[in-house]
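Visitor: Structure below; questions to follow.
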Amino acid sequence: MRATHIPMVASVSARLAALGLDVDVVAARAGIPAGFNRRPGTSLDTRQFFAFWRAVAELSGDPLIGLKIGGEVGPSQLEAVSVAALHSATFGDALARLARYKGLCCPEEVRVERDGDNDLARLSFHWILAKEPCPQIISDAAFAAAHALARVGTGRTVAPRRLELVRTPPDIGAYAAYFGCEVRTGCVGDALVYDTAALDLPFVTRNEDLLAVLVPALDAQLDAMGEPDIETQARSVLMRMMRGDRPTIDTLARELNMSARSLQRRLGEAGTSYQTVLDHVRLETARRLLADTAFTPGEIAFFLGFEEANSFQRAFRRWEGRTPAQWREQTQQQE
C-alpha cells in the first residue's frame, strides 16, 4: 500500500512564518479547521493538501514562492526519506531512494525515466490520488527540492538540461535563472530533464553508517505496508503512458508483470475495470491539459491515445456533459 494522507510537520508552520504567513489564516482560506497542525498526528488528504498550498500561493502573492519553499528547507526539516537520499552515494542513488520510499509518507510517486537514445533522464512527480491538477506551488517546490538535493549532495550546482512545464509561468526567465537551464512550456507534463551523466555524480554527503541504520528501517516500513492495490498500480502505469501511446489492457498487463486475464480478474475483485481506470486517468489528464495549456482538443486526443479527435470529443462529453472547448471556457471564466 501507499500512504493516503500527508503529515503536516511542525517545520511547515515555522517555514511559512518566516515567509510572513500564518498557518491558521492559510487553513481558513483552504477550508481546513484552524489549529489542525497543532494536533498530534495531523495529516491531510490530497484534496486538502492541494487546497492548503493553493491558499499559501494566493495569500503570499509571490508566483515564485514554491521555489523558495522547496529550495530553502534546512537539514532539521528533512524527513527520514530525504535524509536517506541526501546521504546516498550518487545523485542517481538519491533519486532512486526518493522513488522507492516516497510512498511511505504521501501518495506521491517519484519517477526517473531514462532515455538511452538521447542520454537523458527525466525526473517527474505524480500525485496518484489527485482528482485535479497539481498546484504550481507544489510542482515548483518539488523541483526546487530536487535541485537543492543535487547541489547540497554534490557540493556544487548541477544544472539540468531543461525544465519542462505544462503551464506558461508569468516569468519564464526567473525559472531559467533559478535552475540554470532552458525552460520549455506547453509540455505534456512537468519534468526536470538531466544528462544521464549527472546521475553518476558522487555525493560528498555520503554516509554509509547512517544508511545502514535508515535503509533497513525504511524497508521494514515498506514490507509492513505491502504492495499498492491493483487499481493504484494500474493508474500509475497508465499515467506514465499518457504521452501519445495507445493504452491497451495487454500493454498494461505486461507492465504489471501479469496476464491480461489476471489483471481483469484482480480489477474486478477491486470493484473496477480496465476501462473505468483508463477513463479516469484520461479525464484527469485531459482536465490538466485543458486548464494549463493551449493544446487543441485534437492535440490532447493524441496525447491520450485516442485514434481520432472525434472519439475524444464524444468521450469527454460523456464524462463531463460538455465538450472540451466548453469545459475550458467555463474553467477560465471561473478563475
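Each chain in the C-alpha cells gets a letter, A, B, ..., in the order shown, and its residues are numbered from 1; ligands are numbered from 1 in order too.
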Near Thr296 (chain A), counting only C-alpha atoms, which residues have an atom at most 12 Å away, once you skip same-chain residues fewer than 6 positions from it, shown as a PyMOL selection string?

Guide: chain A and resi 186+286+289-290+302-303+309+312-313+324-325+328

Visitor: Please provide the set of residues having any atom within 7 Å of Trp127 (chain A), restricted to only C-alpha atoms, with same-chain residues fewer than 4 positions apart removed, written as an MDAnalysis selection string.

Guide: chainID A and resid 107:109

Visitor: Given only C-alpha atoms as the basis, pick out the residue of A:Asp195, A:Asp140, A:Asp223, A:Glu58 nearest to Gly71 (chain A).

Guide: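 Residue with the minimum atom-to-atom distance to Gly71 (chain A): A:Asp140.
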
Visitor: Between A:Pro7, A:Gly20, A:Arg322, A:Ser13, which has the minimum distance to Leu44 (chain A) (counting only C-alpha atoms)?

Guide: A:Pro7

Visitor: Excluding Ala145 (chain A) and its own-chain neighbours fewer than 4 positions away, which residues fall within 9 Å of it when counting only C-alpha atoms? Please give them as a PyMOL selection string.

Guide: chain A and resi 67+69-73+140-141+149-150

Visitor: Could you produce a table of the residues of region 212-310 of chain A lying within 12 Å of region 314-317 of chain A, with the nearest pair of atoms per residue and their separation in Å rounded to one decimal, using only C-alpha atoms, ordered by chain and increasing residue number, as CSV?

Guide:
```
residue,atom,partner,partner_atom,distance
A:Gln275,CA,A:Ala315,CA,11.9
A:Leu278,CA,A:Ala315,CA,11.6
A:Asp279,CA,A:Ala315,CA,8.5
A:His280,CA,A:Phe316,CA,10.8
A:Arg282,CA,A:Phe316,CA,9.1
A:Leu283,CA,A:Phe316,CA,7.3
A:Glu284,CA,A:Phe316,CA,10.7
A:Thr285,CA,A:Phe316,CA,11.4
A:Ala286,CA,A:Phe316,CA,8.5
A:Arg287,CA,A:Phe316,CA,9.7
A:Leu290,CA,A:Phe316,CA,11.5
A:Pro297,CA,A:Phe316,CA,10.0
A:Ile300,CA,A:Phe316,CA,11.1
A:Ala301,CA,A:Phe316,CA,10.0
A:Leu304,CA,A:Ala315,CA,11.3
A:Phe306,CA,A:Ala315,CA,9.8
A:Glu308,CA,A:Arg314,CA,10.5
A:Ala309,CA,A:Arg314,CA,8.8
A:Asn310,CA,A:Arg314,CA,6.2
```

Visitor: Keeping only C-alpha atoms, write those residues as a PDB file, in the first residue's frame.

Guide:
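Contents of result19.pdb, as written:
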```pdb
ATOM      1  CA  GLN A 275     -11.906   0.741 -18.986  1.00  0.00           C
ATOM      2  CA  LEU A 278      -8.400   4.216 -18.159  1.00  0.00           C
ATOM      3  CA  ASP A 279     -11.323   6.663 -18.376  1.00  0.00           C
ATOM      4  CA  HIS A 280     -10.423   8.192 -15.007  1.00  0.00           C
ATOM      5  CA  ARG A 282      -7.699  10.092 -19.365  1.00  0.00           C
ATOM      6  CA  LEU A 283     -10.195  12.503 -17.797  1.00  0.00           C
ATOM      7  CA  GLU A 284      -7.714  13.735 -15.177  1.00  0.00           C
ATOM      8  CA  THR A 285      -5.036  14.234 -17.837  1.00  0.00           C
ATOM      9  CA  ALA A 286      -7.485  15.981 -20.169  1.00  0.00           C
ATOM     10  CA  ARG A 287      -8.577  18.376 -17.426  1.00  0.00           C
ATOM     11  CA  LEU A 290      -7.216  21.890 -20.942  1.00  0.00           C
ATOM     12  CA  PRO A 297      -8.652  19.147 -28.317  1.00  0.00           C
ATOM     13  CA  ILE A 300      -4.977  16.368 -26.403  1.00  0.00           C
ATOM     14  CA  ALA A 301      -6.739  13.467 -28.083  1.00  0.00           C
ATOM     15  CA  LEU A 304      -4.475  10.474 -24.535  1.00  0.00           C
ATOM     16  CA  PHE A 306      -7.393   8.296 -28.984  1.00  0.00           C
ATOM     17  CA  GLU A 308      -9.195  10.452 -33.677  1.00  0.00           C
ATOM     18  CA  ALA A 309     -10.282  13.760 -32.180  1.00  0.00           C
ATOM     19  CA  ASN A 310     -13.998  12.960 -32.506  1.00  0.00           C
TER      20      ASN A 310
END
```

Visitor: As number ranges by chain, please: every residue in region 69-267 of chain A that a backbone DSSP assignment puts in helix (DSSP H, G or I).

Guide: A: 69-71, 75-77, 80-86, 91-104, 136-154, 172-179, 196-200, 208-225, 230-241, 249-255, 260-267

Visitor: Hey, can you spit out that residue selection with C-alpha atoms as an mmCIF file, in the first residue's frame?

Guide:
```
data_model
loop_
_atom_site.group_PDB
_atom_site.id
_atom_site.type_symbol
_atom_site.label_atom_id
_atom_site.label_comp_id
_atom_site.auth_asym_id
_atom_site.auth_seq_id
_atom_site.Cartn_x
_atom_site.Cartn_y
_atom_site.Cartn_z
ATOM 1 C CA ILE A 69 9.876 26.823 -0.040
ATOM 2 C CA GLY A 70 11.351 23.817 -1.823
ATOM 3 C CA GLY A 71 14.850 25.170 -2.206
ATOM 4 C CA PRO A 75 18.509 19.917 7.372
ATOM 5 C CA SER A 76 16.449 19.993 10.578
ATOM 6 C CA GLN A 77 13.293 19.850 8.471
ATOM 7 C CA ALA A 80 13.793 10.213 7.017
ATOM 8 C CA VAL A 81 13.290 9.609 3.287
ATOM 9 C CA SER A 82 15.054 12.857 2.378
ATOM 10 C CA VAL A 83 17.857 12.150 4.844
ATOM 11 C CA ALA A 84 18.421 8.750 3.233
ATOM 12 C CA ALA A 85 18.539 10.400 -0.183
ATOM 13 C CA LEU A 86 20.984 13.093 0.926
ATOM 14 C CA PHE A 91 22.647 11.769 -7.333
ATOM 15 C CA GLY A 92 21.102 8.819 -9.162
ATOM 16 C CA ASP A 93 21.113 6.724 -5.996
ATOM 17 C CA ALA A 94 19.477 9.600 -4.130
ATOM 18 C CA LEU A 95 16.663 9.880 -6.674
ATOM 19 C CA ALA A 96 16.204 6.102 -6.642
ATOM 20 C CA ARG A 97 15.742 6.213 -2.861
ATOM 21 C CA LEU A 98 13.216 9.014 -3.165
ATOM 22 C CA ALA A 99 11.343 6.958 -5.745
ATOM 23 C CA ARG A 100 11.440 3.844 -3.573
ATOM 24 C CA TYR A 101 10.413 5.367 -0.263
ATOM 25 C CA LYS A 102 8.320 8.461 -1.066
ATOM 26 C CA GLY A 103 5.112 6.460 -0.855
ATOM 27 C CA LEU A 104 5.770 5.885 2.848
ATOM 28 C CA GLN A 136 2.003 25.125 -9.390
ATOM 29 C CA ILE A 137 3.419 25.827 -5.934
ATOM 30 C CA ILE A 138 3.723 22.101 -5.155
ATOM 31 C CA SER A 139 5.301 21.278 -8.503
ATOM 32 C CA ASP A 140 7.762 24.170 -8.119
ATOM 33 C CA ALA A 141 8.669 23.124 -4.582
ATOM 34 C CA ALA A 142 9.320 19.517 -5.638
ATOM 35 C CA PHE A 143 11.676 20.555 -8.429
ATOM 36 C CA ALA A 144 13.404 23.125 -6.225
ATOM 37 C CA ALA A 145 13.933 20.449 -3.558
ATOM 38 C CA ALA A 146 15.459 18.080 -6.137
ATOM 39 C CA HIS A 147 17.698 20.884 -7.390
ATOM 40 C CA ALA A 148 18.783 21.603 -3.809
ATOM 41 C CA LEU A 149 19.384 17.901 -3.159
ATOM 42 C CA ALA A 150 21.769 17.749 -6.115
ATOM 43 C CA ARG A 151 23.552 20.939 -5.037
ATOM 44 C CA VAL A 152 23.988 20.009 -1.385
ATOM 45 C CA GLY A 153 24.807 16.385 -2.118
ATOM 46 C CA THR A 154 27.462 17.054 -4.747
ATOM 47 C CA ILE A 172 9.956 32.198 -17.540
ATOM 48 C CA GLY A 173 13.283 33.981 -17.101
ATOM 49 C CA ALA A 174 13.094 33.548 -13.319
ATOM 50 C CA TYR A 175 12.807 29.779 -13.730
ATOM 51 C CA ALA A 176 15.629 29.686 -16.260
ATOM 52 C CA ALA A 177 17.844 31.643 -13.870
ATOM 53 C CA TYR A 178 16.886 29.535 -10.858
ATOM 54 C CA PHE A 179 17.606 26.163 -12.452
ATOM 55 C CA THR A 196 22.307 10.849 -17.595
ATOM 56 C CA ALA A 197 25.910 11.622 -16.597
ATOM 57 C CA ALA A 198 24.506 13.832 -13.824
ATOM 58 C CA LEU A 199 23.069 10.750 -12.127
ATOM 59 C CA ASP A 200 26.581 9.393 -11.614
ATOM 60 C CA GLU A 208 27.144 4.549 4.712
ATOM 61 C CA ASP A 209 26.927 4.199 8.500
ATOM 62 C CA LEU A 210 23.778 6.311 8.647
ATOM 63 C CA LEU A 211 22.260 4.464 5.689
ATOM 64 C CA ALA A 212 22.955 1.140 7.404
ATOM 65 C CA VAL A 213 20.527 2.282 10.100
ATOM 66 C CA LEU A 214 17.950 4.154 7.996
ATOM 67 C CA VAL A 215 17.509 1.870 4.988
ATOM 68 C CA PRO A 216 16.552 -1.325 6.876
ATOM 69 C CA ALA A 217 14.027 0.682 8.884
ATOM 70 C CA LEU A 218 12.511 2.180 5.727
ATOM 71 C CA ASP A 219 12.446 -1.238 4.034
ATOM 72 C CA ALA A 220 10.660 -2.673 7.054
ATOM 73 C CA GLN A 221 8.007 0.035 6.734
ATOM 74 C CA LEU A 222 7.582 -0.821 3.057
ATOM 75 C CA ASP A 223 7.180 -4.501 3.863
ATOM 76 C CA ALA A 224 4.604 -3.669 6.531
ATOM 77 C CA MET A 225 2.577 -1.557 4.083
ATOM 78 C CA ILE A 230 -4.128 -3.130 -8.123
ATOM 79 C CA GLU A 231 -6.166 -0.056 -9.074
ATOM 80 C CA THR A 232 -3.403 2.273 -7.837
ATOM 81 C CA GLN A 233 -0.788 0.267 -9.722
ATOM 82 C CA ALA A 234 -2.861 0.387 -12.906
ATOM 83 C CA ARG A 235 -3.453 4.135 -12.563
ATOM 84 C CA SER A 236 0.253 4.754 -12.036
ATOM 85 C CA VAL A 237 1.276 2.861 -15.177
ATOM 86 C CA LEU A 238 -1.468 4.392 -17.312
ATOM 87 C CA MET A 239 -0.491 7.894 -16.195
ATOM 88 C CA ARG A 240 3.021 7.213 -17.494
ATOM 89 C CA MET A 241 1.551 6.099 -20.806
ATOM 90 C CA ILE A 249 -5.056 -3.955 -21.403
ATOM 91 C CA ASP A 250 -2.370 -6.248 -22.823
ATOM 92 C CA THR A 251 0.234 -3.474 -22.644
ATOM 93 C CA LEU A 252 -0.819 -2.568 -19.110
ATOM 94 C CA ALA A 253 -0.737 -6.205 -18.007
ATOM 95 C CA ARG A 254 2.802 -6.627 -19.368
ATOM 96 C CA GLU A 255 3.923 -3.543 -17.440
ATOM 97 C CA ALA A 260 -4.435 -9.631 -19.212
ATOM 98 C CA ARG A 261 -6.852 -12.197 -17.779
ATOM 99 C CA SER A 262 -5.275 -11.924 -14.306
ATOM 100 C CA LEU A 263 -5.404 -8.144 -14.494
ATOM 101 C CA GLN A 264 -9.079 -8.180 -15.461
ATOM 102 C CA ARG A 265 -9.856 -10.560 -12.609
ATOM 103 C CA ARG A 266 -7.980 -8.516 -9.994
ATOM 104 C CA LEU A 267 -9.542 -5.249 -11.120
#
```

Visitor: Please return as number ranges by chain: the residues of region 188-231 of chain A that backbone DSSP assigns to strand (DSSP E).

Guide: A: 191-195

Visitor: Just N, CA and C atoms for this one: save the residues we selected as a JSON list (two decimals), in the first residue's frame.

Guide:
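Wrote out-v5.json, looks like this:
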```json
[["chain", "number", "residue", "atom", "x", "y", "z"],
["A", 191, "ALA", "N", 8.57, 18.29, -15.74],
["A", 191, "ALA", "CA", 9.72, 17.43, -15.51],
["A", 191, "ALA", "C", 11.01, 18.23, -15.51],
["A", 192, "LEU", "N", 11.98, 17.76, -14.74],
["A", 192, "LEU", "CA", 13.36, 18.23, -14.85],
["A", 192, "LEU", "C", 14.10, 17.18, -15.66],
["A", 193, "VAL", "N", 14.78, 17.61, -16.70],
["A", 193, "VAL", "CA", 15.48, 16.67, -17.57],
["A", 193, "VAL", "C", 16.98, 16.89, -17.41],
["A", 194, "TYR", "N", 17.68, 15.81, -17.03],
["A", 194, "TYR", "CA", 19.12, 15.86, -16.80],
["A", 194, "TYR", "C", 19.86, 15.03, -17.85],
["A", 195, "ASP", "N", 21.13, 15.37, -18.09],
["A", 195, "ASP", "CA", 22.00, 14.44, -18.79],
["A", 195, "ASP", "C", 22.18, 13.23, -17.88]]
```

Visitor: Go through A:Leu163, A:Val204, A:Leu64, A:Val56 and flag the residue nearest Thr185 (chain A), using only C-alpha atoms for the distances.

Guide: A:Leu163

Visitor: Here is a test: counting only C-alpha atoms, which residue of A:Asp22, A:Glu182, A:Glu320, A:Asp292 is nearest to Arg167 (chain A)?

Guide: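 Using only C-alpha atoms, the shortest distance to Arg167 (chain A) belongs to A:Asp292.
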
Visitor: For Asp190 (chain A), work out the shell of residues within 7 Å, counting only C-alpha atoms and skipping chain neighbours fewer than 6 positions away, then give it as a list in words.

Guide: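 The contact residues come out as Ser124, Glu164, Leu165 and Val166 of chain A.
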
Visitor: With all heavy atoms retained, export the selected residues as an mmCIF file, in the first residue's frame.

Guide:
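Output file out18.cif is given in full below:
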```cif
data_model
loop_
_atom_site.group_PDB
_atom_site.id
_atom_site.type_symbol
_atom_site.label_atom_id
_atom_site.label_comp_id
_atom_site.auth_asym_id
_atom_site.auth_seq_id
_atom_site.Cartn_x
_atom_site.Cartn_y
_atom_site.Cartn_z
ATOM 1 N N SER A 124 10.196 13.367 -12.646
ATOM 2 C CA SER A 124 8.855 13.937 -12.535
ATOM 3 C C SER A 124 8.185 13.437 -11.267
ATOM 4 O O SER A 124 8.585 12.424 -10.687
ATOM 5 C CB SER A 124 8.001 13.589 -13.762
ATOM 6 O OG SER A 124 7.928 12.186 -13.942
ATOM 7 N N GLU A 164 10.782 21.215 -18.112
ATOM 8 C CA GLU A 164 9.577 21.123 -18.934
ATOM 9 C C GLU A 164 8.363 21.448 -18.065
ATOM 10 O O GLU A 164 8.201 20.890 -16.976
ATOM 11 C CB GLU A 164 9.429 19.713 -19.509
ATOM 12 C CG GLU A 164 10.560 19.327 -20.460
ATOM 13 C CD GLU A 164 10.433 17.915 -20.992
ATOM 14 O OE1 GLU A 164 9.567 17.150 -20.503
ATOM 15 O OE2 GLU A 164 11.216 17.554 -21.889
ATOM 16 N N LEU A 165 7.501 22.334 -18.555
ATOM 17 C CA LEU A 165 6.312 22.746 -17.817
ATOM 18 C C LEU A 165 5.073 22.640 -18.696
ATOM 19 O O LEU A 165 5.125 22.955 -19.890
ATOM 20 C CB LEU A 165 6.449 24.188 -17.323
ATOM 21 C CG LEU A 165 7.567 24.481 -16.320
ATOM 22 C CD1 LEU A 165 7.641 25.980 -16.049
ATOM 23 C CD2 LEU A 165 7.361 23.714 -15.024
ATOM 24 N N VAL A 166 3.985 22.201 -18.094
ATOM 25 C CA VAL A 166 2.706 22.196 -18.793
ATOM 26 C C VAL A 166 2.243 23.633 -18.989
ATOM 27 O O VAL A 166 1.834 24.038 -20.079
ATOM 28 C CB VAL A 166 1.657 21.404 -17.989
ATOM 29 C CG1 VAL A 166 0.278 21.527 -18.634
ATOM 30 C CG2 VAL A 166 2.058 19.940 -17.873
#
```

Visitor: Measuring between only C-alpha atoms, which one of A:Phe49, A:Phe295, A:Phe125, A:Trp319 shows the shortest distance to Val281 (chain A)?

Guide: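 Comparing A:Phe49, A:Phe295, A:Phe125, A:Trp319 against Val281 (chain A), the winner is A:Trp319.
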